[in-house]
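J.: File name start.cif; file contents mmCIF, C-alpha atoms; full text below.
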data_query
#
loop_
_atom_site.label_atom_id
_atom_site.label_comp_id
_atom_site.auth_asym_id
_atom_site.auth_seq_id
_atom_site.Cartn_x
_atom_site.Cartn_y
_atom_site.Cartn_z
CA MET A 7 118.89 72.74 71.84
CA GLN A 8 117.28 73.40 75.22
CA ALA A 9 118.11 76.51 77.17
CA GLU A 10 119.26 75.86 80.70
CA ALA A 11 117.50 77.77 83.44
CA ALA A 12 119.81 80.19 85.20
CA GLU A 13 119.79 80.00 88.96
CA ALA A 14 119.22 83.31 90.68
CA GLN A 15 120.08 84.05 94.26
CA VAL A 16 117.03 84.99 96.35
CA GLN A 17 117.55 88.23 98.23
CA GLY A 18 115.23 90.08 100.56
CA SER A 19 114.18 93.66 99.93
CA ALA A 20 115.16 96.51 102.23
CA GLY A 21 111.83 96.05 104.03
CA CYS A 22 112.53 92.35 104.55
CA GLY A 23 115.95 93.23 105.92
CA ALA A 24 114.37 95.45 108.56
CA VAL A 25 112.08 92.62 109.66
CA LEU A 26 114.80 89.99 109.58
CA ALA A 27 116.94 92.18 111.84
CA GLN A 28 114.23 91.60 114.45
CA THR A 29 113.57 88.21 116.01
CA VAL A 30 112.02 85.80 113.49
CA GLN A 31 111.55 82.24 114.68
CA VAL A 32 110.69 79.28 112.48
CA GLY A 33 107.55 77.55 113.75
CA GLN A 34 106.49 80.63 115.72
CA THR A 35 104.39 83.78 115.45
CA THR A 36 106.33 86.92 116.34
CA ALA A 37 105.35 90.59 116.78
CA HIS A 38 107.13 93.27 114.78
CA THR A 39 107.08 97.01 114.19
CA MET A 40 108.32 99.20 111.38
CA THR A 41 108.09 102.91 110.63
CA HIS A 42 106.71 104.18 107.33
CA ALA A 43 106.27 107.88 106.55
CA GLY A 44 106.91 108.68 110.21
CA VAL A 45 104.16 106.36 111.45
CA GLU A 46 105.01 103.27 113.48
CA ARG A 47 103.13 100.23 112.16
CA SER A 48 102.79 96.86 113.86
CA PHE A 49 102.22 93.38 112.49
CA HIS A 50 102.53 89.71 113.38
CA LEU A 51 104.45 87.20 111.28
CA HIS A 52 103.96 83.44 111.34
CA VAL A 53 106.76 81.33 109.87
CA PRO A 54 105.81 77.62 109.53
CA SER A 55 108.07 74.89 110.89
CA ALA A 56 108.86 73.60 107.38
CA TYR A 57 110.15 77.01 106.21
CA ARG A 58 113.66 77.06 104.71
CA HIS A 59 115.45 80.38 104.28
CA ASP A 60 117.07 79.26 101.03
CA THR A 61 113.78 78.38 99.30
CA PRO A 62 111.25 80.97 98.03
CA ALA A 63 107.96 80.85 99.93
CA THR A 64 104.46 82.21 99.49
CA VAL A 65 103.46 85.07 101.80
CA ILE A 66 99.80 85.69 102.65
CA LEU A 67 98.81 89.16 103.88
CA ALA A 68 95.77 88.79 106.17
CA PHE A 69 94.00 92.11 106.75
CA HIS A 70 91.55 92.29 109.67
CA GLY A 71 88.14 93.91 109.71
CA TRP A 72 87.13 97.04 111.64
CA GLY A 73 87.98 96.66 115.30
CA GLY A 74 90.13 93.56 114.72
CA ASN A 75 93.87 93.04 114.85
CA GLY A 76 96.61 91.33 112.92
CA VAL A 77 97.35 88.59 115.44
CA SER A 78 93.77 87.28 115.28
CA MET A 79 94.08 86.95 111.50
CA VAL A 80 97.41 85.11 111.81
CA GLU A 81 95.98 82.73 114.43
CA ARG A 82 93.15 81.79 112.03
CA LEU A 83 95.66 80.77 109.35
CA GLU A 84 98.49 79.16 111.38
CA ALA A 85 97.31 75.56 110.93
CA GLN A 86 96.84 75.95 107.17
CA ALA A 87 100.19 77.77 106.90
CA GLY A 88 101.88 74.81 108.57
CA ALA A 89 100.13 72.28 106.35
CA SER A 90 100.78 74.19 103.11
CA ASN A 91 104.10 75.83 104.08
CA PHE A 92 103.34 79.52 103.58
CA LEU A 93 104.13 82.57 105.71
CA VAL A 94 101.35 84.74 107.14
CA VAL A 95 101.60 88.45 107.88
CA GLY A 96 98.83 90.07 109.92
CA PRO A 97 99.28 93.86 109.89
CA ASP A 98 97.38 96.08 112.33
CA GLY A 99 95.26 98.92 111.00
CA LEU A 100 95.57 102.35 112.58
CA ALA A 101 93.51 103.18 115.66
CA GLU A 102 90.62 105.56 115.13
CA ASN A 103 88.77 106.18 118.38
CA LEU A 104 89.11 102.81 120.17
CA TYR A 105 89.05 100.57 117.10
CA ARG A 106 91.69 99.72 114.51
CA SER A 107 90.78 100.01 110.84
CA TRP A 108 92.32 100.39 107.41
CA ASN A 109 90.68 103.76 106.72
CA GLY A 110 91.49 105.19 110.17
CA GLY A 111 94.24 107.42 111.40
#
Is it possible to give me this structure as structure tokens?
T.:
Amino acid sequence: MQAEAAEAQVQGSAGCGAVLAQTVQVGQTTAHTMTHAGVERSFHLHVPSAYRHDTPATVILAFHGWGGNGVSMVERLEAQAGASNFLVVGPDGLAENLYRSWNGG
């Protein structure tokens, strides 16, 4: 006897809910902010044109180098995200002096 796979409903986490309350456009890259531990953080999100909200999708987190930014990382991956149907998140590091980094702030 084979066991039948149970279907589970896909639900977003509380963090996803905060992002989805903002403007998310399929086939577009959009800018977002969120607050964590009293610090406002910014990031860019690219959702490919083939994305379907009712189907689980891979999410790639693309962290920039010192002095970079999240949008530049997302732009580098947009074409591949469209071809392979994955979402890209490019978070911004915190500014230390004039440059953003992941060990700054």
J.: With distances taken over all atoms listed in the file, which of A:Glu46, A:Thr36, A:Pro54, A:Ala89 is nearest to Ala101 in chain A?
T.: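 Using all atoms listed in the file, Ala101 in chain A sits closest to A:Glu46.
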J.: With distances taken over only C-alpha atoms, which of A:Leu67, A:His38, A:His59, A:His50 is nearest to Glu81 in chain A?
T.: A:His50
J.: Going by the chain IDs and residue numbers used in this file, which residues fall under the PyMOL selection byres ((chain A and resi 97) around 7)? Write them as a list in words.
T.: Ser48, Phe49, His50, Phe69, Gly76, Val95, Gly96, Asp98 and Gly99 of chain A
J.: So the first atom is CA of Gln34 in chain A and the second is CA of Val53 in chain A; what is the distance between them in Å, to one decimal place?
T.: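 Pair CA of Gln34 in chain A / CA of Val53 in chain A returns 5.9 Å.
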J.: Using all atoms listed in the file for the distances, tell me which of A:Val32, A:Leu93, A:Leu83, A:Ala37 is nearest to Pro62 in chain A.
T.: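 Ranking A:Val32, A:Leu93, A:Leu83, A:Ala37 by distance to Pro62 in chain A, first place goes to A:Leu93.
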J.: Please measure the separation of CA of Gly88 in chain A and CA of Ser55 in chain A, giving the value in Å to one decimal.
T.: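 Straight-line distance from CA of Gly88 in chain A to CA of Ser55 in chain A works out to 6.6 Å.
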J.: A:Asn91, A:Val30, A:Arg47, A:Ile66: which is nearest Arg106 in chain A, counting only C-alpha atoms?
T.: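 Between A:Asn91, A:Val30, A:Arg47, A:Ile66, the residue approaching Arg106 in chain A most closely is A:Arg47.
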J.: Between CA of Glu102 in chain A and CA of Leu51 in chain A, what is the spacing in Å?
T.: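 Taking CA of Leu51 in chain A and CA of Glu102 in chain A, their separation equals 23.3 Å.
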J.: Here is a test: counting only C-alpha atoms, which residue of A:Thr61, A:Gln86, A:Trp72, A:His52 is nearest to Ser107 in chain A?
T.: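 Looking only at the distances to Ser107 in chain A, the closest residue turns out to be A:Trp72.
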